[in-house]
file query_2.pdb (PDB, C-alpha atoms)
ATOM      1  CA  MET H   1       3.358 -16.437  -8.093
ATOM      2  CA  ALA H   2      -0.269 -16.993  -9.008
ATOM      3  CA  ALA H   3      -2.703 -14.111  -9.142
ATOM      4  CA  ARG H   4      -5.145 -14.110  -6.254
ATOM      5  CA  LEU H   5      -8.248 -12.081  -6.934
ATOM      6  CA  ASN H   6      -9.271  -9.317  -9.259
ATOM      7  CA  ILE H   7     -10.653  -6.459  -7.166
ATOM      8  CA  ALA H   8     -12.168  -4.830 -10.254
ATOM      9  CA  LYS H   9     -14.369  -7.916 -10.686
ATOM     10  CA  VAL H  10     -14.884  -8.895  -7.038
ATOM     11  CA  ASP H  11     -15.711  -5.385  -5.785
ATOM     12  CA  ALA H  12     -16.305  -3.078  -8.710
ATOM     13  CA  THR H  13     -17.481  -0.242  -6.451
ATOM     14  CA  ALA H  14     -14.201  -0.119  -4.543
ATOM     15  CA  TYR H  15     -12.221  -0.304  -7.774
ATOM     16  CA  LYS H  16     -14.258   2.534  -9.289
ATOM     17  CA  ALA H  17     -13.509   4.646  -6.218
ATOM     18  CA  MET H  18      -9.777   4.141  -6.836
ATOM     19  CA  LEU H  19     -10.283   5.055 -10.485
ATOM     20  CA  GLY H  20     -12.001   8.227  -9.266
ATOM     21  CA  LEU H  21      -8.716   9.272  -7.683
ATOM     22  CA  GLU H  22      -6.964   8.640 -11.005
ATOM     23  CA  THR H  23      -9.541  10.784 -12.786
ATOM     24  CA  TYR H  24      -8.911  13.567 -10.279
ATOM     25  CA  LEU H  25      -5.126  13.232 -10.651
ATOM     26  CA  ALA H  26      -5.376  13.492 -14.440
ATOM     27  CA  GLY H  27      -6.362  17.138 -14.005
ATOM     28  CA  ILE H  28      -3.796  18.331 -11.472
ATOM     29  CA  PHE H  29      -0.868  20.626 -12.194
ATOM     30  CA  LEU H  30       1.884  17.981 -12.266
ATOM     31  CA  THR H  31       3.238  17.036 -15.676
ATOM     32  CA  PRO H  32       2.806  13.446 -16.856
ATOM     33  CA  ILE H  33       6.541  12.837 -16.297
ATOM     34  CA  GLN H  34       6.421  14.253 -12.757
ATOM     35  CA  LYS H  35       3.484  11.954 -11.986
ATOM     36  CA  GLU H  36       5.353   8.952 -13.362
ATOM     37  CA  LEU H  37       8.485   9.782 -11.347
ATOM     38  CA  ILE H  38       6.345   9.751  -8.201
ATOM     39  CA  LYS H  39       4.697   6.473  -9.221
ATOM     40  CA  ILE H  40       7.973   4.772 -10.111
ATOM     41  CA  ARG H  41       9.792   5.879  -6.962
ATOM     42  CA  ALA H  42       6.981   4.786  -4.626
ATOM     43  CA  SER H  43       6.697   1.490  -6.504
ATOM     44  CA  GLN H  44      10.463   0.922  -6.160
ATOM     45  CA  ILE H  45      10.232   1.430  -2.405
ATOM     46  CA  ASN H  46       7.174  -0.812  -2.090
ATOM     47  CA  GLY H  47       8.479  -3.479  -4.477
ATOM     48  CA  CYS H  48       5.429  -3.556  -6.747
ATOM     49  CA  ALA H  49       6.563  -5.201  -9.981
ATOM     50  CA  PHE H  50       3.229  -4.640 -11.715
ATOM     51  CA  CYS H  51       3.291  -0.882 -11.048
ATOM     52  CA  LEU H  52       6.999  -0.562 -11.864
ATOM     53  CA  ASP H  53       6.433  -2.267 -15.206
ATOM     54  CA  MET H  54       3.403  -0.119 -16.031
ATOM     55  CA  HIS H  55       4.822   3.228 -14.957
ATOM     56  CA  THR H  56       8.289   2.868 -16.452
ATOM     57  CA  LYS H  57       6.619   2.084 -19.782
ATOM     58  CA  ASP H  58       4.296   5.070 -19.350
ATOM     59  CA  ALA H  59       7.220   7.345 -18.444
ATOM     60  CA  LEU H  60       9.051   6.331 -21.623
ATOM     61  CA  LYS H  61       5.878   6.964 -23.624
ATOM     62  CA  TYR H  62       5.716  10.505 -22.180
ATOM     63  CA  GLY H  63       9.324  11.193 -23.175
ATOM     64  CA  GLU H  64      11.251  10.337 -20.008
ATOM     65  CA  THR H  65      14.777   9.088 -20.684
ATOM     66  CA  PRO H  66      15.855   5.541 -19.826
ATOM     67  CA  GLN H  67      18.864   6.948 -17.926
ATOM     68  CA  ARG H  68      16.680   8.930 -15.528
ATOM     69  CA  ILE H  69      14.458   5.892 -14.962
ATOM     70  CA  PHE H  70      17.469   3.625 -14.354
ATOM     71  CA  LEU H  71      18.940   6.048 -11.822
ATOM     72  CA  LEU H  72      15.739   7.033 -10.055
ATOM     73  CA  ASN H  73      16.433   4.961  -6.962
ATOM     74  CA  ALA H  74      19.753   6.867  -6.632
ATOM     75  CA  TRP H  75      18.361  10.323  -7.447
ATOM     76  CA  ARG H  76      20.314  11.984  -4.632
ATOM     77  CA  GLU H  77      23.589  10.862  -6.198
ATOM     78  CA  THR H  78      23.072  12.527  -9.570
ATOM     79  CA  GLU H  79      22.318  15.910 -11.053
ATOM     80  CA  LEU H  80      19.804  14.510 -13.552
ATOM     81  CA  TYR H  81      16.764  15.758 -11.623
ATOM     82  CA  THR H  82      15.688  19.348 -11.168
ATOM     83  CA  ALA H  83      15.401  20.889  -7.705
ATOM     84  CA  GLU H  84      11.604  20.709  -8.052
ATOM     85  CA  GLU H  85      11.757  17.015  -8.990
ATOM     86  CA  GLN H  86      14.051  16.374  -6.035
ATOM     87  CA  VAL H  87      11.438  17.813  -3.687
ATOM     88  CA  LEU H  88       8.766  15.622  -5.296
ATOM     89  CA  LEU H  89      10.976  12.560  -4.842
ATOM     90  CA  GLU H  90      11.810  13.458  -1.264
ATOM     91  CA  MET H  91       8.115  13.888  -0.490
ATOM     92  CA  THR H  92       7.387  10.569  -2.184
ATOM     93  CA  GLU H  93       9.955   8.749  -0.088
ATOM     94  CA  GLU H  94       8.906  10.317   3.215
ATOM     95  CA  ILE H  95       5.192   9.740   2.661
ATOM     96  CA  THR H  96       5.727   6.213   1.335
ATOM     97  CA  LEU H  97       7.952   5.414   4.325
ATOM     98  CA  ILE H  98       5.555   7.164   6.705
ATOM     99  CA  HIS H  99       6.395   4.765   9.529
ATOM    100  CA  GLN H 100       9.888   6.276   9.723
ATOM    101  CA  GLN H 101       9.014   9.924  10.270
ATOM    102  CA  GLY H 102       6.416  10.959   7.742
ATOM    103  CA  LEU H 103       6.646  14.157   5.764
ATOM    104  CA  THR H 104       9.242  16.130   7.674
ATOM    105  CA  GLU H 105       8.989  19.833   8.362
ATOM    106  CA  GLU H 106      12.209  20.360   6.418
ATOM    107  CA  THR H 107      10.827  18.703   3.305
ATOM    108  CA  TYR H 108       7.491  20.485   3.689
ATOM    109  CA  GLN H 109       9.295  23.839   3.824
ATOM    110  CA  LYS H 110      11.286  22.924   0.699
ATOM    111  CA  ALA H 111       8.028  22.052  -1.052
ATOM    112  CA  LYS H 112       6.588  25.463  -0.142
ATOM    113  CA  GLN H 113       9.448  27.066  -2.097
ATOM    114  CA  PHE H 114       8.122  25.492  -5.302
ATOM    115  CA  PHE H 115       4.442  24.779  -4.700
ATOM    116  CA  ASP H 116       1.420  26.477  -3.151
ATOM    117  CA  GLU H 117      -0.802  24.737  -0.586
ATOM    118  CA  LYS H 118      -3.242  23.345  -3.158
ATOM    119  CA  GLN H 119      -0.378  21.937  -5.212
ATOM    120  CA  ILE H 120       1.171  20.341  -2.111
ATOM    121  CA  ALA H 121      -2.207  18.786  -1.329
ATOM    122  CA  GLN H 122      -2.367  17.421  -4.885
ATOM    123  CA  ILE H 123       1.155  15.984  -4.596
ATOM    124  CA  ILE H 124       0.232  14.261  -1.338
ATOM    125  CA  ILE H 125      -2.886  12.756  -2.945
ATOM    126  CA  ALA H 126      -0.786  11.547  -5.907
ATOM    127  CA  ILE H 127       1.674   9.845  -3.542
ATOM    128  CA  VAL H 128      -1.062   8.326  -1.379
ATOM    129  CA  THR H 129      -2.848   7.002  -4.480
ATOM    130  CA  ILE H 130       0.155   5.163  -5.932
ATOM    131  CA  ASN H 131       0.859   3.704  -2.509
ATOM    132  CA  ALA H 132      -2.710   2.366  -2.436
ATOM    133  CA  TRP H 133      -2.300   0.878  -5.938
ATOM    134  CA  ASN H 134       1.007  -0.703  -4.859
ATOM    135  CA  ARG H 135      -0.712  -2.355  -1.929
ATOM    136  CA  ILE H 136      -3.480  -3.660  -4.173
ATOM    137  CA  GLY H 137      -0.967  -4.959  -6.715
ATOM    138  CA  ILE H 138       1.197  -6.704  -4.145
ATOM    139  CA  SER H 139      -1.685  -8.092  -2.074
ATOM    140  CA  THR H 140      -3.498  -9.563  -5.073
ATOM    141  CA  HIS H 141      -0.371 -10.666  -6.979
ATOM    142  CA  LEU H 142      -1.251  -8.681 -10.075
ATOM    143  CA  GLU H 143       0.461 -10.232 -13.071
ATOM    144  CA  LEU H 144       2.619  -8.174 -15.408
ATOM    145  CA  LEU H 145       0.953  -7.029 -18.603
ATOM    146  CA  LYS H 146       2.500  -8.691 -21.606
TER
END
call {"tool": "encode", "arguments": {"input": "query_2.pdb", "output": "structure tokens"}}
result
Amino acid sequence: MAARLNIAKVDATAYKAMLGLETYLAGIFLTPIQKELIKIRASQINGCAFCLDMHTKDALKYGETPQRIFLLNAWRETELYTAEEQVLLEMTEEITLIHQQGLTEETYQKAKQFFDEKQIAQIIIAIVTINAWNRIGISTHLELLK
């Protein structure tokens, strides 16, 4: 599959706006591994090979285990993830699959057990941002980094 266009070159202003979200997300409360779990899970759902490649490598660099990465798409079937991580993953799935039901009240209430309102807002922005990157990657046929 041939790459289509490079948004960073074609519309640098739009690309810089996306990078602004990344700059913001660099300073939020989530750990680097929590951020990568969100990015990997959303990218699995969306089927973005570019983002999956990038974020699994980043997760390993931050100390995530290969086993947890391999089993991430089956996180409900294992005890490898903390209760807090499970809420993050559930939020990621519901927001990524927003056309199904969106962030449910049940999941929102679970999130409130672990996170305050500002933190929940930050989690939502993190999930929305990786979904936007996935859509850019898939739409433009971003090629894997070698």
call {"tool": "closest_atom_pairs", "arguments": {"input": "query_2.pdb", "of": "region 73-129 of chain H", "to": "region 34-49 of chain H", "cutoff": "8 Å", "atoms": "all atoms listed in the file", "output": "tab-separated table"}}
result
residue	atom	partner	partner_atom	distance
H:Asn73	CA	H:Arg41	CA	6.7
H:Glu85	CA	H:Gln34	CA	7.1
H:Leu88	CA	H:Ile38	CA	7.0
H:Leu89	CA	H:Ile38	CA	6.4
H:Thr92	CA	H:Ile38	CA	6.2
H:Glu93	CA	H:Ala42	CA	6.7
H:Thr96	CA	H:Ala42	CA	6.3
H:Ala126	CA	H:Lys35	CA	7.4
H:Ile127	CA	H:Ile38	CA	6.6
call {"tool": "resolve_selection", "arguments": {"input": "query_2.pdb", "expression": "the PyMOL selection byres ((chain H and resi 54) around 12)", "output": "count of residues only"}}
result
26
call {"tool": "residues_around", "arguments": {"input": "query_2.pdb", "residues": "Ala121 (chain H)", "least_positions_apart": "4", "cutoff": "12 Å", "atoms": "only C-alpha atoms", "output": "PDB file with C-alpha atoms, in the frame of the given file"}}
result
ATOM      1  CA  LEU H  25      -5.126  13.232 -10.651  1.00  0.00           C
ATOM      2  CA  ILE H  28      -3.796  18.331 -11.472  1.00  0.00           C
ATOM      3  CA  PHE H  29      -0.868  20.626 -12.194  1.00  0.00           C
ATOM      4  CA  LEU H  30       1.884  17.981 -12.266  1.00  0.00           C
ATOM      5  CA  MET H  91       8.115  13.888  -0.490  1.00  0.00           C
ATOM      6  CA  TYR H 108       7.491  20.485   3.689  1.00  0.00           C
ATOM      7  CA  ALA H 111       8.028  22.052  -1.052  1.00  0.00           C
ATOM      8  CA  LYS H 112       6.588  25.463  -0.142  1.00  0.00           C
ATOM      9  CA  PHE H 115       4.442  24.779  -4.700  1.00  0.00           C
ATOM     10  CA  ASP H 116       1.420  26.477  -3.151  1.00  0.00           C
ATOM     11  CA  GLU H 117      -0.802  24.737  -0.586  1.00  0.00           C
ATOM     12  CA  ILE H 125      -2.886  12.756  -2.945  1.00  0.00           C
ATOM     13  CA  ALA H 126      -0.786  11.547  -5.907  1.00  0.00           C
ATOM     14  CA  ILE H 127       1.674   9.845  -3.542  1.00  0.00           C
ATOM     15  CA  VAL H 128      -1.062   8.326  -1.379  1.00  0.00           C
TER      16      VAL H 128
END
call {"tool": "closest_residue", "arguments": {"input": "query_2.pdb", "among": "H:Val87, H:Leu21, H:Leu97, H:Leu72", "to": "Gln109 (chain H)", "atoms": "only C-alpha atoms"}}
result
H:Val87
call {"tool": "atom_distance", "arguments": {"input": "query_2.pdb", "atom1": "CA of Ala8 (chain H)", "atom2": "CA of Ile123 (chain H)"}}
result
25.4 Å
call {"tool": "residues_around", "arguments": {"input": "query_2.pdb", "residues": "Ala17 (chain H)", "least_positions_apart": "3", "cutoff": "12 Å", "atoms": "only C-alpha atoms", "output": "list in words"}}
result
Ile7, Ala8, Asp11, Ala12, Thr13, Ala14, Gly20, Leu21, Glu22, Thr23, Tyr24, Thr129, Ala132 and Trp133 of chain H
call {"tool": "axis_aligned_box", "arguments": {"input": "query_2.pdb", "around": "region 108-122 of chain H", "padding_each_side": "4 Å", "output": "AutoDock Vina command-line options"}}
result
--center_x 4.0 --center_y 22.2 --center_z -0.7 --size_x 22.5 --size_y 17.6 --size_z 17.1
